[in-house]
Amino acid sequence: MTDETASEASPPAPDPIPIRLVEKSSLETVLGSLQAEEAAWARANGFKGRLGQALAIPSDTGQVAGILLGWGDAEGRRRERFPIGSFAGRAPAGTYRLDTPLDGPDAQRATLGWLLSRYRFDRYKSKPAGTEEADLLPPPGVDATRLAILVQGSYLARDLINTPANDMGPDELEAAARKLADRHSAEVQVIQGDELLERDLPLIHAVGRASARAPRLIDMVWGAEDAPKLSLVGKGVCFDTGGLDIKSASGMALMKKDMGGAANVLALAHMIMARRIPVRLRVLIPAVENAVSGSAFRPGDVLPSRKGLFVEINNTDAEGRLVLADALAVAAEEMPDLILDMATLTGAARVALGPEVVPYYTDDAGLAADLEAAGEAEADPLWRLPLWPGYERMIEPKVGDLDNAPSGGMAGSITAALFLKRFAGEGAWAHFDLYGWTPSDRPGRPKGGECQAARACLGALERRYGA
């Protein structure tokens, strides 16, 4: 085929559809700059520049000539992380470009919000609705490659959390880790079942032994052996009944997301490896199901841990800190430069900060500063809570060395963090008490599983180690 006939067979792609961002305060100025019929169309359709309000401007041929997108005011945009996402999630097929210049951080956030809004989870739809391709050209100054990596990680975490427990048990979580390892040429080893006892991982075994699905510790390694050591630990409780202290039906409704820490650790691991951050990365995921059977661990049991501390069980529904304890002890034995752990650990964290802001704990002021700067830059909000030493007495029972569920219900997220600190070693460490779920649709954040703290951690790690 000649170039001439190829040109005849393949008409040129249409120009990208421009999106004009319209603040409420500049509405009349913008309308005055439009052609008379376009301004009349906008007024007839009640376009006011409200945040997220979108209006397609038709061309003479009935095509979409452009989009007016309400940009509200600065306060509204500050409150809504991804205001462009309200249109991106429902945008008709086509290629779009921003016709309004934005500074670097705003342009990055707008592009990220667009991409995150295009997520769909339709694995269990017999007739998937499908998603029309609506692409946004990266604005000038946006690192499109890095954003793509962030979005890939976010989609991975969402997919893993959204998958119901019948298809996301310890076996399937291991398979997801192996798939990620293959993608990045990492190595994976798994300790499973009664071998956990032989390898001195008694708490992971105790929590998972009641299930027909064998508990395990997933151990992934990537990077140069002489690079700074970074360990990620993620809670992989694939379903949590509460054990013998069984949850109510409503309390179990979202427990497929109790492996959200593992999902977000895998998302962060993907970002680290794809960005080629120069670290020796180790990912540790204790993958279990907290089930009920004759072999379940009991309230009142006193269990040994890998570190040698004995843990008194006052509630079998406080199982996440138990499996994390053994995994953190494994991580600490290598004396890494930094340990980060993520877990959907306590309801107290949600009472304190709600579903959107992730509480985190660290004694490293420099790390905290990097995390908070990155959280702001990456639209991934975090809030540091104190490892208050005055509450140490609350996790020290009369029988064992530690209490897994102090009575009284006070400072529940802090006491859980203090518990984990006993196993995290003496080096730099941070703990993230995630929710891992968006309760209702928001721009850039569809209802369901959510990637939290991973983007902020990536930004902090890039500051610390480079990329």
# chains A, B, ... in the order shown; residues from 1 in each chain; ligands from 1
call {"tool": "select_by_dssp", "arguments": {"residues": "stretch 121-360 of chain A", "states": "strand (DSSP E or B)", "output": "PyMOL selection string"}}
result
chain A and resi 134-136+187-192+216-222+229-234+236-240+280-290+302-304+310-312+338-343+358-360
call {"tool": "residues_around", "arguments": {"residues": "A:Glu392", "least_positions_apart": "2", "cutoff": "10 Å", "atoms": "only C-alpha atoms", "output": "list of chain:residue names"}}
result
A:Leu387, A:Trp388, A:Pro389, A:Gly390, A:Met394, A:Ile395, A:Glu396, A:Leu402, A:Ile414, A:Thr415, A:Leu418, A:Phe419
call {"tool": "closest_residue", "arguments": {"among": "A:Arg275, A:Arg321, A:Lys229, A:Lys24", "to": "A:Met335", "atoms": "only C-alpha atoms"}}
result
A:Lys229
call {"tool": "residues_around", "arguments": {"residues": "A:Leu254", "least_positions_apart": "3", "cutoff": "10 Å", "atoms": "only C-alpha atoms", "output": "list of chain:residue names"}}
result
A:Ile161, A:Asn162, A:Pro164, A:Phe239, A:Asp240, A:Ala249, A:Ser250, A:Gly251, A:Lys257, A:Asp258, A:Trp437, A:Gly448, A:Gly449
call {"tool": "closest_residue", "arguments": {"among": "A:Leu322, A:Val288, A:Ala181, A:Met271", "to": "A:Leu147", "atoms": "only C-alpha atoms"}}
result
A:Met271
call {"tool": "select_by_dssp", "arguments": {"residues": "stretch 162-281 of chain A", "states": "helix (DSSP H, G or I)", "output": "PDB file with N, CA, C and O atoms, in the first residue's frame"}}
result
ATOM      1  N   ASN A 162     -11.132  -5.004  46.103  1.00  0.00           N
ATOM      2  CA  ASN A 162     -12.504  -5.188  45.635  1.00  0.00           C
ATOM      3  C   ASN A 162     -12.865  -6.649  45.392  1.00  0.00           C
ATOM      4  O   ASN A 162     -14.040  -7.008  45.405  1.00  0.00           O
ATOM      5  N   ALA A 165     -13.718 -12.330  49.075  1.00  0.00           N
ATOM      6  CA  ALA A 165     -12.825 -13.261  49.755  1.00  0.00           C
ATOM      7  C   ALA A 165     -12.861 -14.663  49.165  1.00  0.00           C
ATOM      8  O   ALA A 165     -11.886 -15.405  49.291  1.00  0.00           O
ATOM      9  N   ASN A 166     -13.964 -15.046  48.514  1.00  0.00           N
ATOM     10  CA  ASN A 166     -13.980 -16.380  47.912  1.00  0.00           C
ATOM     11  C   ASN A 166     -12.971 -16.499  46.769  1.00  0.00           C
ATOM     12  O   ASN A 166     -12.535 -17.598  46.424  1.00  0.00           O
ATOM     13  N   ASP A 167     -12.567 -15.366  46.200  1.00  0.00           N
ATOM     14  CA  ASP A 167     -11.557 -15.347  45.143  1.00  0.00           C
ATOM     15  C   ASP A 167     -10.292 -14.608  45.548  1.00  0.00           C
ATOM     16  O   ASP A 167      -9.436 -14.342  44.705  1.00  0.00           O
ATOM     17  N   PRO A 170      -5.549 -16.484  50.937  1.00  0.00           N
ATOM     18  CA  PRO A 170      -4.087 -16.510  50.981  1.00  0.00           C
ATOM     19  C   PRO A 170      -3.447 -17.043  49.698  1.00  0.00           C
ATOM     20  O   PRO A 170      -2.415 -16.520  49.262  1.00  0.00           O
ATOM     21  N   ASP A 171      -4.048 -18.057  49.070  1.00  0.00           N
ATOM     22  CA  ASP A 171      -3.508 -18.577  47.807  1.00  0.00           C
ATOM     23  C   ASP A 171      -3.481 -17.494  46.734  1.00  0.00           C
ATOM     24  O   ASP A 171      -2.484 -17.306  46.032  1.00  0.00           O
ATOM     25  N   GLU A 172      -4.617 -16.798  46.592  1.00  0.00           N
ATOM     26  CA  GLU A 172      -4.729 -15.800  45.536  1.00  0.00           C
ATOM     27  C   GLU A 172      -3.871 -14.568  45.819  1.00  0.00           C
ATOM     28  O   GLU A 172      -3.324 -13.957  44.892  1.00  0.00           O
ATOM     29  N   LEU A 173      -3.741 -14.215  47.095  1.00  0.00           N
ATOM     30  CA  LEU A 173      -2.870 -13.091  47.439  1.00  0.00           C
ATOM     31  C   LEU A 173      -1.413 -13.450  47.128  1.00  0.00           C
ATOM     32  O   LEU A 173      -0.655 -12.619  46.609  1.00  0.00           O
ATOM     33  N   GLU A 174      -1.035 -14.674  47.411  1.00  0.00           N
ATOM     34  CA  GLU A 174       0.299 -15.131  47.027  1.00  0.00           C
ATOM     35  C   GLU A 174       0.483 -15.074  45.510  1.00  0.00           C
ATOM     36  O   GLU A 174       1.533 -14.637  45.014  1.00  0.00           O
ATOM     37  N   ALA A 175      -0.541 -15.508  44.771  1.00  0.00           N
ATOM     38  CA  ALA A 175      -0.449 -15.477  43.308  1.00  0.00           C
ATOM     39  C   ALA A 175      -0.272 -14.054  42.796  1.00  0.00           C
ATOM     40  O   ALA A 175       0.488 -13.803  41.851  1.00  0.00           O
ATOM     41  N   ALA A 176      -0.966 -13.090  43.416  1.00  0.00           N
ATOM     42  CA  ALA A 176      -0.822 -11.684  43.015  1.00  0.00           C
ATOM     43  C   ALA A 176       0.601 -11.190  43.278  1.00  0.00           C
ATOM     44  O   ALA A 176       1.173 -10.455  42.462  1.00  0.00           O
ATOM     45  N   ALA A 177       1.164 -11.591  44.417  1.00  0.00           N
ATOM     46  CA  ALA A 177       2.549 -11.195  44.730  1.00  0.00           C
ATOM     47  C   ALA A 177       3.523 -11.824  43.734  1.00  0.00           C
ATOM     48  O   ALA A 177       4.470 -11.166  43.277  1.00  0.00           O
ATOM     49  N   ARG A 178       3.304 -13.072  43.385  1.00  0.00           N
ATOM     50  CA  ARG A 178       4.188 -13.738  42.419  1.00  0.00           C
ATOM     51  C   ARG A 178       4.077 -13.086  41.037  1.00  0.00           C
ATOM     52  O   ARG A 178       5.086 -12.944  40.324  1.00  0.00           O
ATOM     53  N   LYS A 179       2.873 -12.718  40.645  1.00  0.00           N
ATOM     54  CA  LYS A 179       2.689 -12.055  39.350  1.00  0.00           C
ATOM     55  C   LYS A 179       3.445 -10.734  39.308  1.00  0.00           C
ATOM     56  O   LYS A 179       4.116 -10.402  38.309  1.00  0.00           O
ATOM     57  N   LEU A 180       3.357  -9.962  40.397  1.00  0.00           N
ATOM     58  CA  LEU A 180       4.085  -8.700  40.470  1.00  0.00           C
ATOM     59  C   LEU A 180       5.594  -8.952  40.455  1.00  0.00           C
ATOM     60  O   LEU A 180       6.346  -8.229  39.790  1.00  0.00           O
ATOM     61  N   ALA A 181       6.036  -9.974  41.177  1.00  0.00           N
ATOM     62  CA  ALA A 181       7.460 -10.291  41.212  1.00  0.00           C
ATOM     63  C   ALA A 181       7.966 -10.663  39.818  1.00  0.00           C
ATOM     64  O   ALA A 181       9.049 -10.227  39.401  1.00  0.00           O
ATOM     65  N   ASP A 182       7.194 -11.461  39.093  1.00  0.00           N
ATOM     66  CA  ASP A 182       7.596 -11.829  37.732  1.00  0.00           C
ATOM     67  C   ASP A 182       7.716 -10.600  36.842  1.00  0.00           C
ATOM     68  O   ASP A 182       8.628 -10.509  36.006  1.00  0.00           O
ATOM     69  N   ARG A 183       6.807  -9.668  37.034  1.00  0.00           N
ATOM     70  CA  ARG A 183       6.822  -8.450  36.205  1.00  0.00           C
ATOM     71  C   ARG A 183       8.112  -7.667  36.399  1.00  0.00           C
ATOM     72  O   ARG A 183       8.611  -7.032  35.449  1.00  0.00           O
ATOM     73  N   HIS A 184       8.647  -7.686  37.606  1.00  0.00           N
ATOM     74  CA  HIS A 184       9.816  -6.852  37.918  1.00  0.00           C
ATOM     75  C   HIS A 184      11.078  -7.674  38.212  1.00  0.00           C
ATOM     76  O   HIS A 184      12.054  -7.125  38.726  1.00  0.00           O
ATOM     77  N   GLU A 195       4.787 -25.325  58.583  1.00  0.00           N
ATOM     78  CA  GLU A 195       6.172 -24.873  58.466  1.00  0.00           C
ATOM     79  C   GLU A 195       6.372 -23.538  59.176  1.00  0.00           C
ATOM     80  O   GLU A 195       7.489 -23.204  59.591  1.00  0.00           O
ATOM     81  N   LEU A 196       5.289 -22.767  59.344  1.00  0.00           N
ATOM     82  CA  LEU A 196       5.384 -21.512  60.095  1.00  0.00           C
ATOM     83  C   LEU A 196       5.869 -21.767  61.519  1.00  0.00           C
ATOM     84  O   LEU A 196       6.651 -20.982  62.068  1.00  0.00           O
ATOM     85  N   LEU A 197       5.417 -22.866  62.120  1.00  0.00           N
ATOM     86  CA  LEU A 197       5.878 -23.205  63.472  1.00  0.00           C
ATOM     87  C   LEU A 197       7.338 -23.627  63.444  1.00  0.00           C
ATOM     88  O   LEU A 197       8.120 -23.244  64.333  1.00  0.00           O
ATOM     89  N   GLU A 198       7.713 -24.411  62.436  1.00  0.00           N
ATOM     90  CA  GLU A 198       9.095 -24.869  62.319  1.00  0.00           C
ATOM     91  C   GLU A 198      10.056 -23.696  62.107  1.00  0.00           C
ATOM     92  O   GLU A 198      11.207 -23.741  62.543  1.00  0.00           O
ATOM     93  N   PRO A 202       5.030 -18.221  65.115  1.00  0.00           N
ATOM     94  CA  PRO A 202       3.862 -18.814  65.782  1.00  0.00           C
ATOM     95  C   PRO A 202       2.608 -17.956  65.749  1.00  0.00           C
ATOM     96  O   PRO A 202       1.488 -18.502  65.754  1.00  0.00           O
ATOM     97  N   LEU A 203       2.747 -16.629  65.746  1.00  0.00           N
ATOM     98  CA  LEU A 203       1.548 -15.796  65.757  1.00  0.00           C
ATOM     99  C   LEU A 203       0.820 -15.858  64.414  1.00  0.00           C
ATOM    100  O   LEU A 203      -0.418 -15.890  64.370  1.00  0.00           O
ATOM    101  N   ILE A 204       1.559 -15.858  63.313  1.00  0.00           N
ATOM    102  CA  ILE A 204       0.921 -15.980  62.001  1.00  0.00           C
ATOM    103  C   ILE A 204       0.179 -17.312  61.925  1.00  0.00           C
ATOM    104  O   ILE A 204      -0.960 -17.389  61.453  1.00  0.00           O
ATOM    105  N   HIS A 205       0.813 -18.364  62.413  1.00  0.00           N
ATOM    106  CA  HIS A 205       0.179 -19.688  62.401  1.00  0.00           C
ATOM    107  C   HIS A 205      -1.076 -19.697  63.266  1.00  0.00           C
ATOM    108  O   HIS A 205      -2.118 -20.224  62.857  1.00  0.00           O
ATOM    109  N   ALA A 206      -1.000 -19.129  64.452  1.00  0.00           N
ATOM    110  CA  ALA A 206      -2.133 -19.169  65.378  1.00  0.00           C
ATOM    111  C   ALA A 206      -3.358 -18.488  64.795  1.00  0.00           C
ATOM    112  O   ALA A 206      -4.480 -18.994  64.902  1.00  0.00           O
ATOM    113  N   VAL A 207      -3.163 -17.338  64.166  1.00  0.00           N
ATOM    114  CA  VAL A 207      -4.307 -16.598  63.621  1.00  0.00           C
ATOM    115  C   VAL A 207      -4.923 -17.352  62.445  1.00  0.00           C
ATOM    116  O   VAL A 207      -6.145 -17.386  62.280  1.00  0.00           O
ATOM    117  N   GLY A 208      -4.108 -17.988  61.611  1.00  0.00           N
ATOM    118  CA  GLY A 208      -4.632 -18.608  60.402  1.00  0.00           C
ATOM    119  C   GLY A 208      -4.955 -20.075  60.492  1.00  0.00           C
ATOM    120  O   GLY A 208      -5.523 -20.642  59.551  1.00  0.00           O
ATOM    121  N   ALA A 249     -22.953  -9.438  61.807  1.00  0.00           N
ATOM    122  CA  ALA A 249     -23.092  -9.484  60.348  1.00  0.00           C
ATOM    123  C   ALA A 249     -22.654  -8.171  59.721  1.00  0.00           C
ATOM    124  O   ALA A 249     -21.934  -8.147  58.714  1.00  0.00           O
ATOM    125  N   SER A 250     -23.065  -7.057  60.319  1.00  0.00           N
ATOM    126  CA  SER A 250     -22.675  -5.760  59.764  1.00  0.00           C
ATOM    127  C   SER A 250     -21.174  -5.532  59.908  1.00  0.00           C
ATOM    128  O   SER A 250     -20.536  -4.923  59.047  1.00  0.00           O
ATOM    129  N   GLY A 251     -20.585  -6.058  60.990  1.00  0.00           N
ATOM    130  CA  GLY A 251     -19.157  -5.910  61.188  1.00  0.00           C
ATOM    131  C   GLY A 251     -18.337  -6.709  60.191  1.00  0.00           C
ATOM    132  O   GLY A 251     -17.189  -6.364  59.905  1.00  0.00           O
ATOM    133  N   MET A 252     -18.924  -7.779  59.661  1.00  0.00           N
ATOM    134  CA  MET A 252     -18.217  -8.605  58.676  1.00  0.00           C
ATOM    135  C   MET A 252     -18.430  -8.125  57.253  1.00  0.00           C
ATOM    136  O   MET A 252     -17.754  -8.606  56.340  1.00  0.00           O
ATOM    137  N   MET A 255     -15.284  -7.076  55.425  1.00  0.00           N
ATOM    138  CA  MET A 255     -14.032  -7.696  55.859  1.00  0.00           C
ATOM    139  C   MET A 255     -13.226  -8.331  54.728  1.00  0.00           C
ATOM    140  O   MET A 255     -12.111  -8.805  54.955  1.00  0.00           O
ATOM    141  N   LYS A 256     -13.736  -8.312  53.515  1.00  0.00           N
ATOM    142  CA  LYS A 256     -12.865  -8.670  52.390  1.00  0.00           C
ATOM    143  C   LYS A 256     -11.724  -7.656  52.254  1.00  0.00           C
ATOM    144  O   LYS A 256     -10.688  -7.973  51.667  1.00  0.00           O
ATOM    145  N   LYS A 257     -11.927  -6.446  52.778  1.00  0.00           N
ATOM    146  CA  LYS A 257     -10.901  -5.412  52.652  1.00  0.00           C
ATOM    147  C   LYS A 257      -9.853  -5.474  53.758  1.00  0.00           C
ATOM    148  O   LYS A 257      -8.969  -4.619  53.815  1.00  0.00           O
ATOM    149  N   ASP A 258      -9.906  -6.528  54.610  1.00  0.00           N
ATOM    150  CA  ASP A 258      -8.951  -6.568  55.715  1.00  0.00           C
ATOM    151  C   ASP A 258      -7.553  -6.970  55.257  1.00  0.00           C
ATOM    152  O   ASP A 258      -6.637  -7.030  56.065  1.00  0.00           O
ATOM    153  N   MET A 259      -7.404  -7.231  53.959  1.00  0.00           N
ATOM    154  CA  MET A 259      -6.066  -7.420  53.390  1.00  0.00           C
ATOM    155  C   MET A 259      -5.621  -6.140  52.673  1.00  0.00           C
ATOM    156  O   MET A 259      -4.692  -6.159  51.860  1.00  0.00           O
ATOM    157  N   GLY A 260      -6.272  -5.020  53.000  1.00  0.00           N
ATOM    158  CA  GLY A 260      -5.948  -3.747  52.358  1.00  0.00           C
ATOM    159  C   GLY A 260      -4.520  -3.294  52.604  1.00  0.00           C
ATOM    160  O   GLY A 260      -3.925  -2.617  51.758  1.00  0.00           O
ATOM    161  N   GLY A 261      -3.943  -3.648  53.753  1.00  0.00           N
ATOM    162  CA  GLY A 261      -2.542  -3.297  53.991  1.00  0.00           C
ATOM    163  C   GLY A 261      -1.637  -4.012  53.004  1.00  0.00           C
ATOM    164  O   GLY A 261      -0.729  -3.405  52.424  1.00  0.00           O
ATOM    165  N   ALA A 262      -1.889  -5.306  52.785  1.00  0.00           N
ATOM    166  CA  ALA A 262      -1.106  -6.064  51.808  1.00  0.00           C
ATOM    167  C   ALA A 262      -1.302  -5.501  50.407  1.00  0.00           C
ATOM    168  O   ALA A 262      -0.337  -5.376  49.635  1.00  0.00           O
ATOM    169  N   ALA A 263      -2.537  -5.165  50.056  1.00  0.00           N
ATOM    170  CA  ALA A 263      -2.811  -4.618  48.725  1.00  0.00           C
ATOM    171  C   ALA A 263      -2.053  -3.324  48.499  1.00  0.00           C
ATOM    172  O   ALA A 263      -1.473  -3.100  47.422  1.00  0.00           O
ATOM    173  N   ASN A 264      -2.026  -2.473  49.502  1.00  0.00           N
ATOM    174  CA  ASN A 264      -1.343  -1.194  49.344  1.00  0.00           C
ATOM    175  C   ASN A 264       0.171  -1.352  49.381  1.00  0.00           C
ATOM    176  O   ASN A 264       0.896  -0.598  48.714  1.00  0.00           O
ATOM    177  N   VAL A 265       0.675  -2.324  50.123  1.00  0.00           N
ATOM    178  CA  VAL A 265       2.106  -2.610  50.103  1.00  0.00           C
ATOM    179  C   VAL A 265       2.523  -3.117  48.723  1.00  0.00           C
ATOM    180  O   VAL A 265       3.579  -2.732  48.194  1.00  0.00           O
ATOM    181  N   LEU A 266       1.704  -3.976  48.108  1.00  0.00           N
ATOM    182  CA  LEU A 266       2.021  -4.438  46.754  1.00  0.00           C
ATOM    183  C   LEU A 266       1.955  -3.287  45.758  1.00  0.00           C
ATOM    184  O   LEU A 266       2.767  -3.210  44.826  1.00  0.00           O
ATOM    185  N   ALA A 267       0.989  -2.385  45.940  1.00  0.00           N
ATOM    186  CA  ALA A 267       0.918  -1.200  45.076  1.00  0.00           C
ATOM    187  C   ALA A 267       2.179  -0.360  45.212  1.00  0.00           C
ATOM    188  O   ALA A 267       2.770   0.077  44.208  1.00  0.00           O
ATOM    189  N   LEU A 268       2.609  -0.130  46.450  1.00  0.00           N
ATOM    190  CA  LEU A 268       3.825   0.651  46.681  1.00  0.00           C
ATOM    191  C   LEU A 268       5.048  -0.080  46.130  1.00  0.00           C
ATOM    192  O   LEU A 268       5.946   0.545  45.535  1.00  0.00           O
ATOM    193  N   ALA A 269       5.096  -1.389  46.302  1.00  0.00           N
ATOM    194  CA  ALA A 269       6.223  -2.162  45.768  1.00  0.00           C
ATOM    195  C   ALA A 269       6.300  -2.009  44.252  1.00  0.00           C
ATOM    196  O   ALA A 269       7.398  -1.853  43.687  1.00  0.00           O
ATOM    197  N   HIS A 270       5.146  -2.058  43.579  1.00  0.00           N
ATOM    198  CA  HIS A 270       5.153  -1.843  42.131  1.00  0.00           C
ATOM    199  C   HIS A 270       5.722  -0.472  41.791  1.00  0.00           C
ATOM    200  O   HIS A 270       6.565  -0.333  40.885  1.00  0.00           O
ATOM    201  N   MET A 271       5.281   0.561  42.501  1.00  0.00           N
ATOM    202  CA  MET A 271       5.764   1.910  42.226  1.00  0.00           C
ATOM    203  C   MET A 271       7.276   2.004  42.429  1.00  0.00           C
ATOM    204  O   MET A 271       7.989   2.612  41.621  1.00  0.00           O
ATOM    205  N   ILE A 272       7.776   1.414  43.511  1.00  0.00           N
ATOM    206  CA  ILE A 272       9.211   1.452  43.805  1.00  0.00           C
ATOM    207  C   ILE A 272      10.003   0.762  42.704  1.00  0.00           C
ATOM    208  O   ILE A 272      11.014   1.288  42.199  1.00  0.00           O
ATOM    209  N   MET A 273       9.561  -0.421  42.312  1.00  0.00           N
ATOM    210  CA  MET A 273      10.313  -1.191  41.318  1.00  0.00           C
ATOM    211  C   MET A 273      10.209  -0.560  39.938  1.00  0.00           C
ATOM    212  O   MET A 273      11.197  -0.504  39.192  1.00  0.00           O
ATOM    213  N   ALA A 274       9.026  -0.067  39.574  1.00  0.00           N
ATOM    214  CA  ALA A 274       8.870   0.574  38.267  1.00  0.00           C
ATOM    215  C   ALA A 274       9.666   1.866  38.184  1.00  0.00           C
ATOM    216  O   ALA A 274      10.178   2.221  37.114  1.00  0.00           O
TER     217      ALA A 274
END
call {"tool": "residues_around", "arguments": {"residues": "A:Leu69", "least_positions_apart": "5", "cutoff": "7 Å", "atoms": "only C-alpha atoms", "output": "mmCIF file with all heavy atoms, in the first residue's frame"}}
result
data_model
loop_
_atom_site.group_PDB
_atom_site.id
_atom_site.type_symbol
_atom_site.label_atom_id
_atom_site.label_comp_id
_atom_site.auth_asym_id
_atom_site.auth_seq_id
_atom_site.Cartn_x
_atom_site.Cartn_y
_atom_site.Cartn_z
ATOM 1 N N ILE A 19 -10.781 21.456 26.959
ATOM 2 C CA ILE A 19 -11.530 21.639 28.202
ATOM 3 C C ILE A 19 -11.129 22.980 28.791
ATOM 4 O O ILE A 19 -9.951 23.206 29.094
ATOM 5 C CB ILE A 19 -11.236 20.521 29.208
ATOM 6 C CG1 ILE A 19 -11.622 19.157 28.643
ATOM 7 C CG2 ILE A 19 -11.961 20.775 30.531
ATOM 8 C CD1 ILE A 19 -11.218 17.995 29.532
ATOM 9 N N ARG A 20 -12.099 23.840 28.955
ATOM 10 C CA ARG A 20 -11.836 25.161 29.531
ATOM 11 C C ARG A 20 -12.353 25.179 30.957
ATOM 12 O O ARG A 20 -13.536 24.930 31.209
ATOM 13 C CB ARG A 20 -12.499 26.244 28.703
ATOM 14 C CG ARG A 20 -12.122 27.652 29.130
ATOM 15 C CD ARG A 20 -12.494 28.656 28.060
ATOM 16 N NE ARG A 20 -12.045 29.996 28.386
ATOM 17 C CZ ARG A 20 -12.206 31.049 27.602
ATOM 18 N NH1 ARG A 20 -12.803 30.906 26.415
ATOM 19 N NH2 ARG A 20 -11.768 32.248 27.961
ATOM 20 N N LEU A 21 -11.468 25.428 31.901
ATOM 21 C CA LEU A 21 -11.827 25.495 33.308
ATOM 22 C C LEU A 21 -12.362 26.887 33.624
ATOM 23 O O LEU A 21 -11.705 27.883 33.327
ATOM 24 C CB LEU A 21 -10.615 25.182 34.182
ATOM 25 C CG LEU A 21 -9.913 23.845 33.876
ATOM 26 C CD1 LEU A 21 -8.686 23.678 34.769
ATOM 27 C CD2 LEU A 21 -10.856 22.673 34.043
ATOM 28 N N VAL A 22 -13.550 26.932 34.229
ATOM 29 C CA VAL A 22 -14.232 28.210 34.437
ATOM 30 C C VAL A 22 -14.499 28.412 35.923
ATOM 31 O O VAL A 22 -15.324 27.710 36.517
ATOM 32 C CB VAL A 22 -15.563 28.269 33.656
ATOM 33 C CG1 VAL A 22 -16.204 29.648 33.820
ATOM 34 C CG2 VAL A 22 -15.344 27.922 32.189
ATOM 35 N N GLY A 49 -20.477 27.616 36.429
ATOM 36 C CA GLY A 49 -19.090 27.457 36.864
ATOM 37 C C GLY A 49 -18.955 26.761 38.198
ATOM 38 O O GLY A 49 -17.885 26.820 38.817
ATOM 39 N N GLY A 52 -17.089 21.136 39.188
ATOM 40 C CA GLY A 52 -17.468 19.857 38.598
ATOM 41 C C GLY A 52 -18.580 19.934 37.578
ATOM 42 O O GLY A 52 -18.830 18.957 36.870
ATOM 43 N N GLN A 53 -19.267 21.078 37.471
ATOM 44 C CA GLN A 53 -20.331 21.209 36.475
ATOM 45 C C GLN A 53 -19.710 21.222 35.074
ATOM 46 O O GLN A 53 -18.752 21.941 34.813
ATOM 47 C CB GLN A 53 -21.118 22.509 36.707
ATOM 48 C CG GLN A 53 -22.291 22.690 35.769
ATOM 49 C CD GLN A 53 -22.981 24.034 35.961
ATOM 50 O OE1 GLN A 53 -22.414 24.965 36.579
ATOM 51 N NE2 GLN A 53 -24.186 24.164 35.458
ATOM 52 N N ALA A 54 -20.230 20.383 34.183
ATOM 53 C CA ALA A 54 -19.656 20.260 32.844
ATOM 54 C C ALA A 54 -20.723 20.529 31.790
ATOM 55 O O ALA A 54 -21.884 20.140 31.942
ATOM 56 C CB ALA A 54 -19.059 18.876 32.635
ATOM 57 N N LEU A 55 -20.313 21.182 30.738
ATOM 58 C CA LEU A 55 -21.215 21.465 29.622
ATOM 59 C C LEU A 55 -20.451 21.312 28.316
ATOM 60 O O LEU A 55 -19.392 21.918 28.124
ATOM 61 C CB LEU A 55 -21.780 22.890 29.724
ATOM 62 C CG LEU A 55 -22.708 23.316 28.576
ATOM 63 C CD1 LEU A 55 -23.994 22.504 28.598
ATOM 64 C CD2 LEU A 55 -23.005 24.805 28.654
#
call {"tool": "closest_residue", "arguments": {"among": "A:Val311, A:Ala349, A:Leu137, A:Ala368", "to": "A:Asp403", "atoms": "only C-alpha atoms"}}
result
A:Val311
call {"tool": "residues_around", "arguments": {"residues": "A:Glu187", "least_positions_apart": "3", "cutoff": "7 Å", "atoms": "only C-alpha atoms", "output": "NGL selection string"}}
result
:A and (181 or 220-222)
call {"tool": "write_last_selection", "arguments": {"atoms": "N, CA and C atoms", "output": "PDB file, in the first residue's frame"}}
result
ATOM      1  N   ALA A 181       6.036  -9.974  41.177  1.00  0.00           N
ATOM      2  CA  ALA A 181       7.460 -10.291  41.212  1.00  0.00           C
ATOM      3  C   ALA A 181       7.966 -10.663  39.818  1.00  0.00           C
ATOM      4  N   MET A 220       9.056 -11.302  49.425  1.00  0.00           N
ATOM      5  CA  MET A 220       9.541 -10.890  48.114  1.00  0.00           C
ATOM      6  C   MET A 220      10.779 -10.017  48.276  1.00  0.00           C
ATOM      7  N   VAL A 221      11.778 -10.223  47.405  1.00  0.00           N
ATOM      8  CA  VAL A 221      13.022  -9.450  47.466  1.00  0.00           C
ATOM      9  C   VAL A 221      13.356  -8.949  46.070  1.00  0.00           C
ATOM     10  N   TRP A 222      13.813  -7.697  45.996  1.00  0.00           N
ATOM     11  CA  TRP A 222      14.179  -7.070  44.713  1.00  0.00           C
ATOM     12  C   TRP A 222      15.268  -6.036  44.967  1.00  0.00           C
TER      13      TRP A 222
END
call {"tool": "atom_distance", "arguments": {"atom1": "atom CA of A:Ser293", "atom2": "atom CA of A:Phe310"}}
result
23.2 Å
